[in-house]
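**Student:** Can you read through this structure? Questions will come right after.
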Amino acid sequence: MSTASITNHQLPITKKIALYLPLTKPSQSGLLLATGVAGYMSAHTPPSLPLLLVMCASLFLAIGGSTILNMWYDHDIDAKMRRTQKRPNASGELTRAEIFRGGMIASVLGIGWAVAIHPLYGFVVFLGWFFDVVVYTLWLKRRTCWSIVWGGISGAMPILAGRVLAVGEVEIIGLLLAASVLFWIPTHTLTFSIKFFDDYNAARVPTFPSTYGFETTRAIIALSSIIAAASIGTASVMIGVQAGVLRLLIVLSSGLLLLSFATIFRPSERVNFSLFKYASLYMLAAMILLSV
């Protein structure tokens with residue numbers, strides 16, 4: 001038995017539970033949760049605080065559960081990549097069995113709670129989990145760089161789920177909001193795959209840069225940014241956001257587009273890193289604006 005395994009069994013239960021937190025990717029899960037809140041708040045109906053709180057709890061469990069299961073399956077990939085080698089799944093601080101059980105418990109609780117809150121809302125939450133765990137992670141991630149499209153669909157489900165819970169149906173505004181996240185995700189993930197190109201190659205994970213080259217990848221980033229900005233702008237107009245909020249969204253979208261085109265015409269590690277960081281801030285700011 002390894003030293004890590006012995007130490008793991010000796011840990012107090014509270015510290016062992018704390019090891020699951022980095023497996024949920026808190027910043028990523030928090031951003032997806034923010035999109036769910038924005039989807040709910042985008043409906044101009046008086047928000048119910050108790051409903052909003054249980055939505056957040058169920059959504060976080062489902063998102064966190066799917067992410068933990070990603071870590072369970074990708075333990076070998078994470079062990080090969082320098083930026084992920086210290087994660088509990090790669091370091092052995094948690095066993096694979098423990099990670100799987102934790103991911104499944106969180107997933108079942110989150111999806112089950114979501115269905116109990118509202119069946120259609122629960123179905124959308126389940127779709128997000130299914131596309132993330134089954135389609136993206138188990139089936140496609142190690143086979144094709146196009147797996148990010150299906151991963152993007154998963155990432156688009158929280159905002160659609162929030163909108164569905166608020167209005168009781170899947171309608172055009174919810175789909176436009178989902179599209180804005182779906183096409184924002186390549187801006188984030190593709191810049192990430194450029195930045196950590198060597199890591200992904202070492203782990204033999206197919207990416208757009210390794211399959212189609214950096215130039216094509218940058219063009220896709222710019223195109224997806226345009227579609228994301230157009231989707232969120234159209235949805236905002238249909239929602240009827242105030243003129244001041246709409247102008248601010250336009251300014252934020254302009255920054256995203258400028259950085260995206262800069263990666264094409266003036267590519268550099270600094271520009272790529274700036275776009276990677278700005279893309280996350282852009283989505284968070286956009287969700288806050290839609291919520292207020």
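Ordered as shown in the structure tokens, chains take letters A, B, and onward, while each chain numbers its residues from 1 and ligands are numbered from 1 in the order shown.
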Please report, as a Markdown table, each residue of region 149-187 of chain A lying at most 12 Å from region 108-117 of chain A, together with the nearest pair of atoms and the separation in Å rounded to one decimal; use only C-alpha atoms, and order rows by chain and ascending residue number.
**Tutor:**
| residue | atom | partner | partner_atom | distance |
| --- | --- | --- | --- | --- |
| A:Pro158 | CA | A:Ala114 | CA | 11.5 |
| A:Ala161 | CA | A:Ala114 | CA | 9.6 |
| A:Gly162 | CA | A:Ala114 | CA | 10.8 |
| A:Val164 | CA | A:Ile117 | CA | 11.6 |
| A:Leu165 | CA | A:Ile117 | CA | 8.6 |
| A:Ala166 | CA | A:Ile117 | CA | 11.6 |
| A:Gly168 | CA | A:Ile117 | CA | 11.5 |
**Student:** Please dump the current selection as a PDB file, in the first residue's frame; keep N, CA and C atoms.
**Tutor:**
ATOM      1  N   PRO A 158     -27.031  24.678 -17.498  1.00  0.00           N
ATOM      2  CA  PRO A 158     -27.433  25.367 -16.267  1.00  0.00           C
ATOM      3  C   PRO A 158     -28.231  26.645 -16.509  1.00  0.00           C
ATOM      4  N   ALA A 161     -31.592  25.616 -17.628  1.00  0.00           N
ATOM      5  CA  ALA A 161     -32.345  25.054 -16.501  1.00  0.00           C
ATOM      6  C   ALA A 161     -32.924  26.165 -15.632  1.00  0.00           C
ATOM      7  N   GLY A 162     -32.122  27.188 -15.357  1.00  0.00           N
ATOM      8  CA  GLY A 162     -32.605  28.298 -14.544  1.00  0.00           C
ATOM      9  C   GLY A 162     -33.764  29.006 -15.207  1.00  0.00           C
ATOM     10  N   VAL A 164     -35.821  27.711 -17.447  1.00  0.00           N
ATOM     11  CA  VAL A 164     -36.962  26.789 -17.453  1.00  0.00           C
ATOM     12  C   VAL A 164     -37.674  26.798 -16.103  1.00  0.00           C
ATOM     13  N   LEU A 165     -36.908  26.829 -15.025  1.00  0.00           N
ATOM     14  CA  LEU A 165     -37.522  26.841 -13.697  1.00  0.00           C
ATOM     15  C   LEU A 165     -38.337  28.115 -13.493  1.00  0.00           C
ATOM     16  N   ALA A 166     -37.889  29.217 -14.086  1.00  0.00           N
ATOM     17  CA  ALA A 166     -38.586  30.491 -13.908  1.00  0.00           C
ATOM     18  C   ALA A 166     -39.845  30.598 -14.756  1.00  0.00           C
ATOM     19  N   GLY A 168     -41.204  27.889 -16.740  1.00  0.00           N
ATOM     20  CA  GLY A 168     -41.959  26.647 -16.842  1.00  0.00           C
ATOM     21  C   GLY A 168     -41.927  25.967 -18.193  1.00  0.00           C
TER      22      GLY A 168
END
**Student:** Using only C-alpha atoms, which residues sit within 8 Å of region 255-272 of chain A once same-chain residues fewer than 5 positions away are excluded, as a PDB file with N, CA and C atoms, in the first residue's frame?
**Tutor:**
ATOM      1  N   THR A 187     -14.287  29.838 -26.762  1.00  0.00           N
ATOM      2  CA  THR A 187     -13.382  30.956 -26.505  1.00  0.00           C
ATOM      3  C   THR A 187     -12.526  30.669 -25.289  1.00  0.00           C
ATOM      4  N   THR A 191      -8.557  28.687 -26.012  1.00  0.00           N
ATOM      5  CA  THR A 191      -7.401  29.461 -25.553  1.00  0.00           C
ATOM      6  C   THR A 191      -6.634  28.661 -24.496  1.00  0.00           C
ATOM      7  N   ILE A 194      -4.477  26.097 -26.216  1.00  0.00           N
ATOM      8  CA  ILE A 194      -3.280  26.710 -26.795  1.00  0.00           C
ATOM      9  C   ILE A 194      -2.242  26.944 -25.697  1.00  0.00           C
ATOM     10  N   LYS A 195      -2.714  27.497 -24.588  1.00  0.00           N
ATOM     11  CA  LYS A 195      -1.797  27.816 -23.480  1.00  0.00           C
ATOM     12  C   LYS A 195      -1.110  26.566 -22.935  1.00  0.00           C
ATOM     13  N   GLU A 215      -3.564  28.432 -36.221  1.00  0.00           N
ATOM     14  CA  GLU A 215      -4.254  29.462 -37.008  1.00  0.00           C
ATOM     15  C   GLU A 215      -5.745  29.173 -37.109  1.00  0.00           C
ATOM     16  N   ARG A 218      -7.482  29.695 -33.729  1.00  0.00           N
ATOM     17  CA  ARG A 218      -7.722  31.104 -33.425  1.00  0.00           C
ATOM     18  C   ARG A 218      -8.915  31.643 -34.219  1.00  0.00           C
ATOM     19  N   ALA A 219      -9.068  31.191 -35.455  1.00  0.00           N
ATOM     20  CA  ALA A 219     -10.215  31.626 -36.268  1.00  0.00           C
ATOM     21  C   ALA A 219     -11.522  31.122 -35.653  1.00  0.00           C
ATOM     22  N   ILE A 221     -12.002  30.507 -32.484  1.00  0.00           N
ATOM     23  CA  ILE A 221     -12.202  31.306 -31.276  1.00  0.00           C
ATOM     24  C   ILE A 221     -12.908  32.616 -31.625  1.00  0.00           C
ATOM     25  N   ALA A 222     -12.435  33.287 -32.676  1.00  0.00           N
ATOM     26  CA  ALA A 222     -13.036  34.563 -33.082  1.00  0.00           C
ATOM     27  C   ALA A 222     -14.484  34.370 -33.519  1.00  0.00           C
ATOM     28  N   SER A 225     -16.778  33.630 -30.607  1.00  0.00           N
ATOM     29  CA  SER A 225     -16.985  34.835 -29.796  1.00  0.00           C
ATOM     30  C   SER A 225     -18.046  35.728 -30.407  1.00  0.00           C
ATOM     31  N   ILE A 226     -18.034  35.846 -31.725  1.00  0.00           N
ATOM     32  CA  ILE A 226     -19.039  36.649 -32.417  1.00  0.00           C
ATOM     33  C   ILE A 226     -20.433  36.080 -32.176  1.00  0.00           C
ATOM     34  N   TYR A 278     -10.072  37.136 -19.753  1.00  0.00           N
ATOM     35  CA  TYR A 278     -11.186  38.043 -20.021  1.00  0.00           C
ATOM     36  C   TYR A 278     -12.469  37.266 -20.314  1.00  0.00           C
ATOM     37  N   ALA A 279     -12.327  36.122 -20.983  1.00  0.00           N
ATOM     38  CA  ALA A 279     -13.521  35.343 -21.340  1.00  0.00           C
ATOM     39  C   ALA A 279     -14.307  34.941 -20.095  1.00  0.00           C
ATOM     40  N   TYR A 282     -15.842  38.093 -18.614  1.00  0.00           N
ATOM     41  CA  TYR A 282     -16.938  38.534 -19.488  1.00  0.00           C
ATOM     42  C   TYR A 282     -18.221  37.776 -19.167  1.00  0.00           C
TER      43      TYR A 282
END
**Student:** Sorted by chain and rising residue number, list the residues of region 178-240 of chain A at most 9 Å from region 67-78 of chain A (counting only C-alpha atoms), each with its closest atom pair and distance in Å to one decimal, as JSON lines.
**Tutor:**
{"residue": "A:Tyr200", "atom": "CA", "partner": "A:Ile77", "partner_atom": "CA", "distance": 8.6}
{"residue": "A:Ala202", "atom": "CA", "partner": "A:Ile77", "partner_atom": "CA", "distance": 8.8}
{"residue": "A:Ala203", "atom": "CA", "partner": "A:Ile77", "partner_atom": "CA", "distance": 5.4}
{"residue": "A:Arg204", "atom": "CA", "partner": "A:Ile77", "partner_atom": "CA", "distance": 8.1}
{"residue": "A:Val205", "atom": "CA", "partner": "A:Ile77", "partner_atom": "CA", "distance": 8.0}
**Student:** So that I can check the surroundings of Leu284 (chain A), please list as a list in words every protein, DNA and RNA residue that reaches within 8 Å of it, counting only C-alpha atoms and ignoring chain neighbours fewer than 2 positions away.
**Tutor:**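 What passes the distance filter is Leu31, Ala34, Thr35, Ser280, Leu281, Tyr282, Ala286, Met287 and Ile288 of chain A.
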**Student:** Quick one, how far is CA of Val167 (chain A) from CA of Tyr40 (chain A)?
**Tutor:** 8.2 Å
**Student:** How many Å lie between CA of Ser66 (chain A) and CA of Trp129 (chain A), rounded to one decimal?
**Tutor:** 5.8 Å
**Student:** Taking a cut-off of 12 Å and counting only C-alpha atoms, can you build a table that, for each residue of region 21-50 of chain A near region 149-157 of chain A, reports the nearest atom pair and how far apart they are in Å (one decimal), sorted by chain then residue number, as JSON lines?
**Tutor:**
{"residue": "A:Gln28", "atom": "CA", "partner": "A:Gly155", "partner_atom": "CA", "distance": 9.8}
{"residue": "A:Ser29", "atom": "CA", "partner": "A:Gly155", "partner_atom": "CA", "distance": 9.6}
{"residue": "A:Gly30", "atom": "CA", "partner": "A:Gly155", "partner_atom": "CA", "distance": 11.8}
{"residue": "A:Leu31", "atom": "CA", "partner": "A:Gly155", "partner_atom": "CA", "distance": 9.9}
{"residue": "A:Leu32", "atom": "CA", "partner": "A:Gly155", "partner_atom": "CA", "distance": 6.9}
{"residue": "A:Leu33", "atom": "CA", "partner": "A:Gly155", "partner_atom": "CA", "distance": 10.0}
{"residue": "A:Ala34", "atom": "CA", "partner": "A:Gly155", "partner_atom": "CA", "distance": 11.6}
{"residue": "A:Thr35", "atom": "CA", "partner": "A:Ala156", "partner_atom": "CA", "distance": 8.5}
{"residue": "A:Gly36", "atom": "CA", "partner": "A:Met157", "partner_atom": "CA", "distance": 8.2}
{"residue": "A:Val37", "atom": "CA", "partner": "A:Met157", "partner_atom": "CA", "distance": 11.9}
{"residue": "A:Gly39", "atom": "CA", "partner": "A:Met157", "partner_atom": "CA", "distance": 10.0}
**Student:** Keeping only N, CA and C atoms, write the selected residues to a file as a short mmCIF file (atom, residue, chain, number, x, y, z; two decimals), in the first residue's frame.
**Tutor:**
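To be explicit, this is the file written out as selection.cif:
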data_model
loop_
_atom_site.label_atom_id
_atom_site.label_comp_id
_atom_site.auth_asym_id
_atom_site.auth_seq_id
_atom_site.Cartn_x
_atom_site.Cartn_y
_atom_site.Cartn_z
N GLN A 28 -14.88 26.96 -11.93
CA GLN A 28 -15.70 26.56 -13.08
C GLN A 28 -17.13 26.27 -12.66
N SER A 29 -17.29 25.49 -11.60
CA SER A 29 -18.64 25.16 -11.13
C SER A 29 -19.37 26.41 -10.66
N GLY A 30 -18.65 27.32 -10.01
CA GLY A 30 -19.26 28.57 -9.56
C GLY A 30 -19.75 29.42 -10.71
N LEU A 31 -18.96 29.45 -11.80
CA LEU A 31 -19.37 30.22 -12.97
C LEU A 31 -20.61 29.60 -13.62
N LEU A 32 -20.64 28.28 -13.72
CA LEU A 32 -21.82 27.62 -14.29
C LEU A 32 -23.04 27.84 -13.40
N LEU A 33 -22.83 27.82 -12.09
CA LEU A 33 -23.94 28.09 -11.17
C LEU A 33 -24.44 29.52 -11.35
N ALA A 34 -23.52 30.46 -11.59
CA ALA A 34 -23.92 31.85 -11.83
C ALA A 34 -24.77 31.97 -13.09
N THR A 35 -24.48 31.16 -14.11
CA THR A 35 -25.31 31.19 -15.32
C THR A 35 -26.72 30.68 -15.01
N GLY A 36 -26.80 29.66 -14.13
CA GLY A 36 -28.11 29.15 -13.75
C GLY A 36 -28.93 30.20 -13.03
N VAL A 37 -28.29 30.94 -12.12
CA VAL A 37 -28.97 32.02 -11.40
C VAL A 37 -29.41 33.10 -12.39
N GLY A 39 -30.11 32.72 -15.55
CA GLY A 39 -31.24 32.19 -16.32
C GLY A 39 -32.54 32.34 -15.56
#
**Student:** When you count only C-alpha atoms, which of these residues is closest to Phe273 (chain A): A:Ala228, A:Val237, A:Thr217, A:Phe196?
**Tutor:** A:Phe196
**Student:** Using backbone DSSP assignments, extract all alpha helix (DSSP H) residues from region 55-198 of chain A; output them as number ranges by chain.
**Tutor:** A: 55-73, 75-80, 88-91, 96-117, 119-130, 147-167, 172-195, 197-198
**Student:** Considering only C-alpha atoms, return as a PDB file with C-alpha atoms, in the first residue's frame whatever protein or nucleic-acid residues lie within 9 Å of Leu290 (chain A), sequence-local ones (same chain, fewer than 4 positions apart) excluded.
**Tutor:**
ATOM      1  CA  ALA A  38     -28.889  34.448 -14.349  1.00  0.00           C
ATOM      2  CA  GLY A  39     -31.236  32.193 -16.319  1.00  0.00           C
ATOM      3  CA  MET A  41     -33.432  35.915 -12.755  1.00  0.00           C
ATOM      4  CA  SER A  42     -33.741  36.797 -16.460  1.00  0.00           C
ATOM      5  CA  SER A 236     -31.031  40.666 -23.753  1.00  0.00           C
ATOM      6  CA  VAL A 241     -33.078  44.762 -20.292  1.00  0.00           C
ATOM      7  CA  VAL A 245     -27.370  47.451 -19.114  1.00  0.00           C
ATOM      8  CA  ALA A 285     -20.172  40.065 -15.705  1.00  0.00           C
ATOM      9  CA  ALA A 286     -22.804  39.249 -18.331  1.00  0.00           C
TER      10      ALA A 286
END
